[in-house]
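To start, the structure under review is shown below, and the notes come after it.
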Amino acid sequence: MNLVGLESVSHEYPNRVVLNNLTIGIHAGDRIGVVGRNGDGKSTLMSIIGGTLKPDSGRVTVRGGTQVGTLTQDDTFEDDDTVARVVVGEGPEHEWASSPAIRDVLAGLLGDVDVTARIGDLSGGQRRRVALARLLVGEWDVLLLDEPTNHLDVSGVNWLAEHLIRRWPTGSGALVVVTHDRWFLDAISTDTWEVHDGIVDKFEGGYAAYILQRVERDRQAASSEERRQNLLRKELAWLRRGAPARTSKPKFRIDAATELIADVPPPRDRVELAKMATQRLGKDVVDLLDVGFAFGETVILEDVEWRIAPGERTGILGRNGAGKSTLLGLIDGSLHATSGRVKQGKTVKLRRLDQRLEGLEKYMNDRVSSVIAEFKTTYNAGGIEMSPGQLLERLGFSSAHIQTPVKDLSGGQKRRLQILLILLDEPNVLLLDEPTNDLDTDMLAALEDVLDSWPGTLIVVSHDRYLLERVTDQQYAVIGKRIRHLPGGVDEYLRLDARPVTPVVAATAKPTAKTTELSGAERHALDKEFKSLERQIQNLKASIDTIHVRLAEHEQGDYQGLADVSAELGAATTNLDALESRWLEVADKLGR
């Protein structure tokens, strides 16, 4: 029986039908991720399900007694309210503070926010997290979440996924989530709805399963969109070659996936890209030598030592306000170090994509065609010459968009045009600060495809775990005003950044833990072991990548050979876990 049902629902806006005669239901136990291009009706669908928007025709029924909670993208708070009053109501503090469920939500989402603070004094991102916390402390049979991961860092997204997974017993409650965070989709959803062309297509499984079934659907329909299919096949290849957790949960046939990607090469030819990057950059890119930065008395970064190499593809993790954007500012020269030295190579041509639409303001009244006409007539993508028009198409622009004034583009289209103009300038060092803003899952895949063939040094700051793992080869974290290499990737960062069980309402001073002093000889030996472990880990990870490729390309039917390669992968993974555990142990002893 449906908890919420839509029957023959239609809705349209001027000159556009968003939903056309849709009949669909939400059942107890459903965990549904909603995907689709920006503007295709995802938020409209959520508003109709939640009852805040009446459809033009058809009806919405809610089973008697069913409580539906909705997170929208609107903010209706009163500035003079306090965080505590908005989240938990007017009850006395001892009542809500004694609830483990409420403490867990406050710690997971608002650990950095004073619960006595005025709503009007919070940032936009903090207000968004307050809205999510207020919803999650309630008791609901159905939760509708529209972009819940916006303004959450990687740890916050991980906490939210775990909370939603354990929120209801199996077979009870229902969850419908609109998000462009593909890792989050795979973590929480057992079904996927794709909204497009006025209809909703249903797919079993999370994002990985959705991609497989979508490729199958397009292939069986003999679609003429060859470029789009190839992009999806490349996405599927990445999903299948990634961590086992990506493909163990979805219910689809692994042999079908293997057949589809049998001739798909790895996303990037790392050796060739590194060679091209070295040719364009030489040996020196940017060196940060014992760098520190402070605003007045407030120290943001200190003792940062980082020599960025040609062709390096690095993801930067860290909590909101940890200093990630400051680090990018030191690299690109827009900020000047207050201690230490930043040295930039002579051949470096650096561009930065920031969180604003910088660079587009002067073009707002111009048509897209006239804007790109000011740049190069060709663009080299991995040795292939492309026209700006071809690159526009690759980033999801139609021919109609070419004659559209920039001011009339959507937020996502402006973001993609900003990326295009940066690429046409052909930098050899590219800094991306939260590049996923305003992009849907299809456009994120298109951006990743373009970056796969980009031959230069790439530094990405993002809370999008999927993007970081997809386009970068290593990750660093900004923790405790320093940067720290993460041989274990995002999982290692989550361990280091574990959220407290309960929130700190009133700040109290805590004594600094004493560390055992090392002798010079002990420190030298540990430092030597630390560097050796890093080399071993990098070499072993490269070997594991090769084994994954061998598995993906293995001849079907050779079960013994497949078992041998799988055993080799298992042994290598076990060895990697042991090396990383020892690396963490040595790093802690050295205070790194």
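In the structure tokens, chains take letters A, B, ... by order of appearance, with residues numbered from 1 within each chain and ligands from 1 in the order shown.
The set of residues in range 140-204 of chain A assigned to strand (DSSP E) by DSSP, using only backbone atoms of this structure, is Val142, Leu143, Leu144, Leu145, Asp146, Ala174, Leu175, Val176, Val177, Val178, Asp191, Thr192, Trp193, Glu194, Val195, His196, Ile199, Val200, Asp201, Lys202, Phe203 and Glu204 of chain A.
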Computed gap from CA of Arg307 in chain A to CA of Leu288 in chain A is 6.1 Å
Pick out the residues sitting within 12 Å of Ala101 in chain A, and hand them over as number ranges by chain; count only C-alpha atoms, and ignore anything fewer than 2 positions along from it in its own chain. A: 88, 95-99, 103-108, 133, 136-139, 163, 166-167, 501-503
So that I have them on file, write out the residues from the current selection with N, CA and C atoms, as a short mmCIF file (atom, residue, chain, number, x, y, z; two decimals), in the first residue's frame.
data_model
loop_
_atom_site.label_atom_id
_atom_site.label_comp_id
_atom_site.auth_asym_id
_atom_site.auth_seq_id
_atom_site.Cartn_x
_atom_site.Cartn_y
_atom_site.Cartn_z
N VAL A 88 14.57 22.59 18.31
CA VAL A 88 13.89 21.70 19.27
C VAL A 88 12.66 22.32 19.91
N GLU A 95 15.32 18.65 28.84
CA GLU A 95 14.50 17.63 28.18
C GLU A 95 15.13 17.21 26.86
N TRP A 96 15.43 18.19 26.00
CA TRP A 96 15.98 17.80 24.69
C TRP A 96 17.44 17.40 24.78
N ALA A 97 18.18 17.96 25.74
CA ALA A 97 19.60 17.61 25.87
C ALA A 97 19.77 16.18 26.36
N SER A 98 18.73 15.61 26.97
CA SER A 98 18.82 14.23 27.47
C SER A 98 18.44 13.21 26.40
N SER A 99 18.04 13.67 25.22
CA SER A 99 17.64 12.77 24.14
C SER A 99 18.85 12.41 23.28
N ARG A 103 20.75 14.82 20.44
CA ARG A 103 22.18 15.11 20.59
C ARG A 103 22.96 14.66 19.35
N ASP A 104 22.58 13.52 18.82
CA ASP A 104 23.27 13.00 17.63
C ASP A 104 23.09 13.93 16.44
N VAL A 105 21.86 14.43 16.23
CA VAL A 105 21.60 15.35 15.11
C VAL A 105 22.36 16.65 15.30
N LEU A 106 22.35 17.20 16.52
CA LEU A 106 23.06 18.45 16.77
C LEU A 106 24.56 18.29 16.57
N ALA A 107 25.10 17.16 17.03
CA ALA A 107 26.54 16.93 16.85
C ALA A 107 26.88 16.72 15.39
N GLY A 108 26.04 16.00 14.67
CA GLY A 108 26.34 15.69 13.27
C GLY A 108 26.24 16.88 12.35
N ALA A 133 18.52 20.07 10.48
CA ALA A 133 18.50 19.53 11.84
C ALA A 133 17.10 19.58 12.42
N LEU A 136 15.17 16.66 11.02
CA LEU A 136 15.62 15.33 11.41
C LEU A 136 15.33 14.99 12.88
N VAL A 137 15.13 16.00 13.75
CA VAL A 137 14.79 15.68 15.14
C VAL A 137 13.33 15.30 15.28
N GLY A 138 12.52 15.48 14.23
CA GLY A 138 11.11 15.13 14.28
C GLY A 138 10.88 13.67 13.95
N GLU A 139 9.65 13.21 14.21
CA GLU A 139 9.25 11.84 13.89
C GLU A 139 8.43 11.88 12.61
N HIS A 163 22.97 8.37 9.24
CA HIS A 163 21.74 8.66 9.98
C HIS A 163 20.51 8.15 9.24
N ARG A 166 20.12 4.27 9.23
CA ARG A 166 19.69 3.64 10.48
C ARG A 166 18.43 4.28 11.07
N ARG A 167 17.85 5.25 10.38
CA ARG A 167 16.73 6.01 10.95
C ARG A 167 15.49 5.15 11.18
N VAL A 501 30.20 12.58 19.72
CA VAL A 501 28.89 11.97 19.94
C VAL A 501 27.88 13.01 20.36
N THR A 502 28.29 13.97 21.17
CA THR A 502 27.38 15.01 21.64
C THR A 502 27.97 16.38 21.34
N PRO A 503 27.09 17.38 21.11
CA PRO A 503 27.59 18.72 20.79
C PRO A 503 28.13 19.43 22.01
#
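Nearest to Val154 in chain A of all the residues A:Lys349, A:Arg319, A:Arg470, A:Lys362 is A:Arg319, counting only C-alpha atoms.
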Between CA of Asp153 in chain A and CA of His463 in chain A, what is the distance, to one decimal in Å? 5.0 Å
From a DSSP pass on the backbone, collect the residues of range 386-452 of chain A flagged as helix (DSSP H, G or I) and hand them back as a ChimeraX atom specification. /A:388-394,399-403,406-408,411-424,441-452
Residue among A:Ile537, A:Asp440, A:Ile308, A:Ala587 lying closest to Asn575 in chain A, counting only C-alpha atoms: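 When distances to Asn575 in chain A are compared using only C-alpha atoms, the smallest one comes from A:Ile537.
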Which residue out of A:Leu109, A:Leu53, A:Ile300, A:Leu360 has the minimum interatomic distance to Gly411 in chain A when only C-alpha atoms are used? A:Leu360
Using only C-alpha atoms: which of A:Ala542, A:Val17, A:Leu409, A:Leu395 has the shortest distance to Asp442 in chain A: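 Comparing A:Ala542, A:Val17, A:Leu409, A:Leu395 against Asp442 in chain A, the winner is A:Leu395.
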For Leu160 in chain A: contacts at 9 Å, only C-alpha atoms, fewer than 2 positions along chain excluded, given as a PyMOL selection string: chain A and resi 105+108-109+148-149+155-158+162-165+184
Find the residue from A:His27, A:Arg37, A:Arg582, A:Arg85 that sits nearest to Thr66 in chain A; use only C-alpha atoms when measuring.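 When distances to Thr66 in chain A are compared using only C-alpha atoms, the smallest one comes from A:His27.
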Hey, what's within 7 Å of Arg134 in chain A if we count only C-alpha atoms and toss same-chain stuff fewer than 4 positions away? As a VMD selection string, please? chain A and resid 86 to 88 130
Take the residues from that selection and put them in a file with N, CA, C and O atoms, as a PDB file, in the first residue's frame.
ATOM      1  N   VAL A  86      14.550  27.077  17.217  1.00  0.00           N
ATOM      2  CA  VAL A  86      14.142  26.641  15.881  1.00  0.00           C
ATOM      3  C   VAL A  86      14.220  25.120  15.759  1.00  0.00           C
ATOM      4  O   VAL A  86      13.327  24.473  15.208  1.00  0.00           O
ATOM      5  N   VAL A  87      15.289  24.511  16.303  1.00  0.00           N
ATOM      6  CA  VAL A  87      15.512  23.086  16.106  1.00  0.00           C
ATOM      7  C   VAL A  87      14.642  22.231  17.013  1.00  0.00           C
ATOM      8  O   VAL A  87      14.025  21.256  16.578  1.00  0.00           O
ATOM      9  N   VAL A  88      14.567  22.590  18.313  1.00  0.00           N
ATOM     10  CA  VAL A  88      13.890  21.700  19.273  1.00  0.00           C
ATOM     11  C   VAL A  88      12.660  22.316  19.912  1.00  0.00           C
ATOM     12  O   VAL A  88      12.009  21.664  20.736  1.00  0.00           O
ATOM     13  N   VAL A 130      20.652  24.264   9.959  1.00  0.00           N
ATOM     14  CA  VAL A 130      19.639  24.375  11.014  1.00  0.00           C
ATOM     15  C   VAL A 130      18.306  23.818  10.522  1.00  0.00           C
ATOM     16  O   VAL A 130      17.606  23.086  11.239  1.00  0.00           O
TER      17      VAL A 130
END
